[in-house]
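This report concerns only the one structure given below.
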Amino acid sequence: MPHFTVTKVPDAEESDTIEEPSWIKEPISFDHSETVGSDRSLTSITGENSLLLDEVRKRENSVFLNNSHYHSVSYDDDDEYCDKNLALFEEEMDTRPKVSSLLNRLANYTNLPQGAKEHEEAESIDEGKKKPIKSPRMGTFMGVYLPCLQNIFGVILFLRLTWVVGTAGVLEAFCIVCICCCCTMLTAISMSAIATNGVVPAGGSYFMISRALGPEFGGAVGLCFYLGTTFAAAMYILGAIEIFLNYISPPAAIFSGEGSMLNNMRVYGTCFLILMAVVVFVGVKYVNKLASLFLACVIISILAIYAGIIKSAFAPPNFQICMLGNHTLKSYGIDSCSKMRTFVNETLRTALWDFFCSSGELNATCDPYFHLNNVSYIQGIPGVASGIIADNLYSTYLSKGDPLEKASLPSVGLPESLSHFVTADIATSFTVLVGIFFPSVTGIMAGSNRSGDLKDAQKSIPIGTILAILTTSLVYMSAVILFGACVEGVVLRDKFGDAANGNLVVGMLSWPSPWVIVIGSFFSTCGAGLQSLTGAPRLLQAIAKDNIIPFLRVFGHGKANGEPTWALLLTAGIAELGILIASLDLVAPILSMFFLMCYLFVNLACAVQTLLRTPNWRPRFRYYHWALSFLGMSICLALMFISSWYYAIVAMVIAGMIYKYIEYQGAEKEWGDGIRGLSLSAARFALLRLEEGPPHTKNWRPQVLVLLKLDDDLHVKYARLLTFASQLKAGKGLTIVGSVIVGNFLDKYGEALAAEQTVKHLMEKEKVKGFCQVVVAAKVREGISHLIQSCGLGGMKHNTVVMGWPYGWRQSEDPRAWKTFIGTVRVTTAAHLALLVAKNIAFFPANKEQFTEGTIDVWWIVHDGGMLMLLPFLLRQHKVWKKCKMRIFTVAQMEDNSIQMKKDLATFLYHLRIEADVEVVEMHDSDISAYTYERTLMMEQRCQMLRQMRLSKTERQREAQLVKDRNSMLRLASIGSEEEDETDATPEKVHMTWTREKYLASKVSTVQGPHGFRELLTIRPDQSNVRRMHTAVKLNEVIVNRSHDARLVLLNMPGPPRNPEGDENYMEFLEVLTEGLERVLLVRGGGTEVITIYS
């Protein structure tokens, strides 16, 4: 075996004196046979590298741990041993963590039951201070489907649906139900898209709209939704009082007489409201626990109705209605449905006689209508098989006070008094019925409001909400048809059951007992009221905490446990206004307006996001389209004006005033002259708005500054760089194309204008929408620095720099080519801008090309803001890259659990709504290869020669060719096996000494010819450079192995060295890192997060 001797001396950069430094050690000898055979997994090709490998093994077994003799960076015992594979990135590990560290933090993510603001704040809390949060476990059925059912089914189904069917007829009632259900279905589709576009914190539509359309729309619609929910509480309370006073305990009425019902509703409603508010204030948890009981009441009541309908087919209930002519009589006080009755051969008067005649005598004066028309019974519920549906197909709209008539019965004349007939209490029309029925389809936000409690909100919200709407729509549509097929028309139109002894119509139809419906509807209505009183204050508190409406700030405070006390008081006060109206039919259109306004803006938010195609708009729910959102928005707007045009105007004015208040508080409006003036004023206003602060992560998109190089004829050298920029931007956002002309501005002004026109023509050709700026500077580096610092205006500034790779930098006579490149990297880093470096730009596709298959491979080594995740998504929006699949590779070290790491990465991508194949590449610990040492040696030899010698052009080319030939020989030799390498190694003693005298001699001899160059071959490489080269070689091997056939490879770009003397080494590292790859995009983040899992 060969024997080596090495003596260490300082580098030329470290010591330029001829005195012997104090740290030079005695020569150290090693016998190659002393090394353990199993450690020689990689055998050196030359004697020099065998020496270096064995020396490192004997000294520390690693070139990384506590080896201050070999590199300047000191590692503690606790430092991560795995960093040997990521040495290129080690200087920035504090700001750009490893992917494994990032995924480990994200793996502990849970849905916080808070608002979006609290979510964002929670991310910055130290791990030790975070409170343990119970992981959400609710699934689609319990978390979304059943709550939506409970909120959708309500008081209208039990108290008004039969009346709507009887008044509008089966056909028009079916049309009303279809329109309302279509409105909510389209809104649910839009809501599903928004809710699955990231993690939606609790807060429902307010958070979705405010985060999608901004605080102005969010505040306006949030307050509309709050008012709608508050009036819904009033409606449910009025419904519960109506059931209580009409069907459970009529004697409980305090007032009697004409119009007394309204006063009874007001008194009892106020008492109920106070009681419910106290319950909500004292124990919200009890309200949530009782929710299951209230839902059971709803389901049992609906099942009882269907059971009664089925029973009516073969055994209809004995439910008779008394008619005088074709007019329906009230059943109160009627003992017999006849004018006279016979009892023991004696003719007696009935109660009807007393109602219509002046006295009990047979010759008394009676109402002519009573004399001229017969009294008859009709079957109130003839059953589903009776064919009564033919009489109920068409509408029978009435004015207030009109009697309920059955058209098929004969009638002569008109009654003088209608006090004993059932009459219409309000004027009815199609529009009125729409406004009254629409609240029965609201409640679709219940699932999104509970997103913080869901195990997988992005999956559960769309499925649960849409299934709930389909279920309720089926129930409503079937109920319309079945009610029309079972019940007599005059009975359907009898809103309060006056002709049926004060019984609830659906209760008489149900089986086994009417009390199932009465009790069930009462408790379900009370439960819905409690839910509304629970949800509305929290919504107001969320709006107040966002601080977008200053005068609501007081309502953001509450009890120590966070319960919104002040918001509950305001909610109860507004609900009291609804109760004082005291009419279910008048309150329902009010809350219809507010809910329709909310749904309108949900659809608008989805449509705007879809059309704008913002980078953060990546809903996991795929079955949406901007046309569906616009259709839903149009239906909402139409329903608002159909149901009540004056209520619609009031609701829109309220929303508009809130919008303007939020938008223009303290803001000046300046309008220019004409369209251009308006555009300039709008642009100025927008720029000033952008100046208020940095954009949110969700709104971040690459605003690019493309640096182009011009040739001597002022033509663009690499036009494909513009093509790539156009594919990345797809016409969205800001694009600035910049270039530099060297010289004096006074002399080169004309050339600058000509170059600007050339670039503009190229931008038009490549369909790049943006601005062009050509600057004149004494040096290219200074011009690029000026562009990076000064391009853009106000908030419309670039955040990303795109540039090409300096080709031929090794062969360049002028080192300024690569020095300009590294200077640009440093300037962009200092300016906190992202940097994209396209290598082999000539191979990038043109806009006319289109890949039909292939992959875009992302090699995620360190996390620097998420640019690597975002860029492939943006590229795939362009037709060229649309059909390329995305693959994400990340590197696992020795101590990383690669299986768990892959799961965490897949979960992270799931929350980002990015579809990609995930692969974790394991980079095991390995010794520094001989090839790595040789590459490092060649790099350092070349750098030192260029520093010490001023080579002529011929000598420089000869030197470059020698390095290239040696590189080729090493590549070929490294393909061979270990046995071959060992055989080739000559067993001779090699003595390599590098002492002070040798160094001084080499300083003189290097200028004498090739002999001096050969002496430099014995130089010992710097260990930090060896480690960095090891990273570059290892990563390159892995990347080429996995991504050699990829259409594009995106890779983290290491930062430049802190010591400028290593700049040329840095270029060599990047060359080695990207060798053998056709298209490479080196990506360096700007230090800010550009992608988020939150909605």
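Chain identifiers are assigned as A, B, and so on, following the order in which chains appear in the structure tokens; residues are numbered from 1 within each chain, and ligands are numbered from 1 in order of appearance.
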Spatial neighbours of region 383-396 of chain A, max dist 8 Å, only C-alpha atoms, sep filter under 4 positions, as a PyMOL selection string
chain A and resi 166-172+309-310+312-316+482+484-489
Which residues are close to Val1049 (chain A), i.e. within 9 Å by only C-alpha atoms, leaving aside same-chain residues fewer than 2 positions away? Reply as a PyMOL selection string.
chain A and resi 855-859+1039+1043-1044+1046-1047+1051+1077-1082
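In this model, the gap between CA of Lys559 (chain A) and CA of Leu530 (chain A) comes to 19.1 Å.
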For region 146-158 of chain A, find every residue with an atom within 9 Å (counting only C-alpha atoms), except residues of its own chain fewer than 6 positions away, and show them as a ChimeraX atom specification.
/A:140,235-236,239-240,291-292,294-296,298-299,301,436-447,464-465,468-469,471-472,476,504-507,517-518,521-522,524-525,528,531
For Phe1069 (chain A), which of A:Met1053, A:Leu688, A:Cys337, A:Glu751 is the closest residue, counting only C-alpha atoms?
A:Met1053
Hey, what does DSSP flag as helix (DSSP H, G or I) within region 363-544 of chain A? Can you give it to me as a PyMOL selection string?
chain A and resi 368-372+388-390+430-441+446-449+451-453+457-486+489-492+498-500+505-509+514-544
Please report, as an MDAnalysis selection string, each residue of region 688-731 of chain A to which DSSP assigns strand (DSSP E or B) when run on this structure's backbone.
chainID A and resid 704:707 710 716
Could the residues in this selection be written to a file with N, CA and C atoms, as a CSV table (one decimal), in the first residue's frame?
```csv
chain,number,residue,atom,x,y,z
A,704,VAL,N,-42.9,40.5,-11.6
A,704,VAL,CA,-41.5,40.2,-12.0
A,704,VAL,C,-40.8,41.3,-12.7
A,705,LEU,N,-39.5,41.4,-12.4
A,705,LEU,CA,-38.6,42.2,-13.2
A,705,LEU,C,-37.7,41.3,-14.0
A,706,VAL,N,-37.8,41.3,-15.3
A,706,VAL,CA,-37.1,40.4,-16.2
A,706,VAL,C,-35.9,41.2,-16.7
A,707,LEU,N,-34.7,40.7,-16.3
A,707,LEU,CA,-33.4,41.3,-16.7
A,707,LEU,C,-32.9,40.7,-18.0
A,710,LEU,N,-28.6,42.7,-23.9
A,710,LEU,CA,-28.6,43.2,-25.2
A,710,LEU,C,-27.3,43.0,-25.9
A,716,VAL,N,-32.1,41.7,-28.3
A,716,VAL,CA,-32.2,40.8,-27.1
A,716,VAL,C,-31.5,39.5,-27.4
```
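Using only C-alpha atoms for every distance, the candidate list A:Gly413, A:Gly219, A:Pro1060, A:Pro462 yields A:Pro462 as the residue closest to Ile189 (chain A).
As for CA of Leu293 (chain A) and CA of Thr230 (chain A), they are spaced 22.4 Å apart.
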In terms of only C-alpha atoms, the residue from A:Val780, A:Leu569, A:Cys772, A:Leu728 at minimal distance from Thr800 (chain A) is A:Leu728
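For the set A:Lys339, A:Lys455, A:Asn799, A:Leu722, the residue with the smallest atom-to-atom gap to Leu734 (chain A) is A:Asn799, counting only C-alpha atoms.
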Skipping near chain neighbours, those fewer than 4 positions away, what residues fall within 12 Å of region 830-833 of chain A using only C-alpha atoms, listed as a PyMOL selection string?
chain A and resi 702-705+785-790+797-802+823-826+864-865+867+1055-1056+1083-1090
For a test of reading the model, state the distance in Å between CA of Leu612 (chain A) and CA of Arg684 (chain A), rounded to one decimal.
21.1 Å
May I ask which of the residues A:Lys769, A:Leu186, A:Arg96, A:Glu922 is the closest one to Gln893 (chain A), counting only C-alpha atoms?
A:Glu922
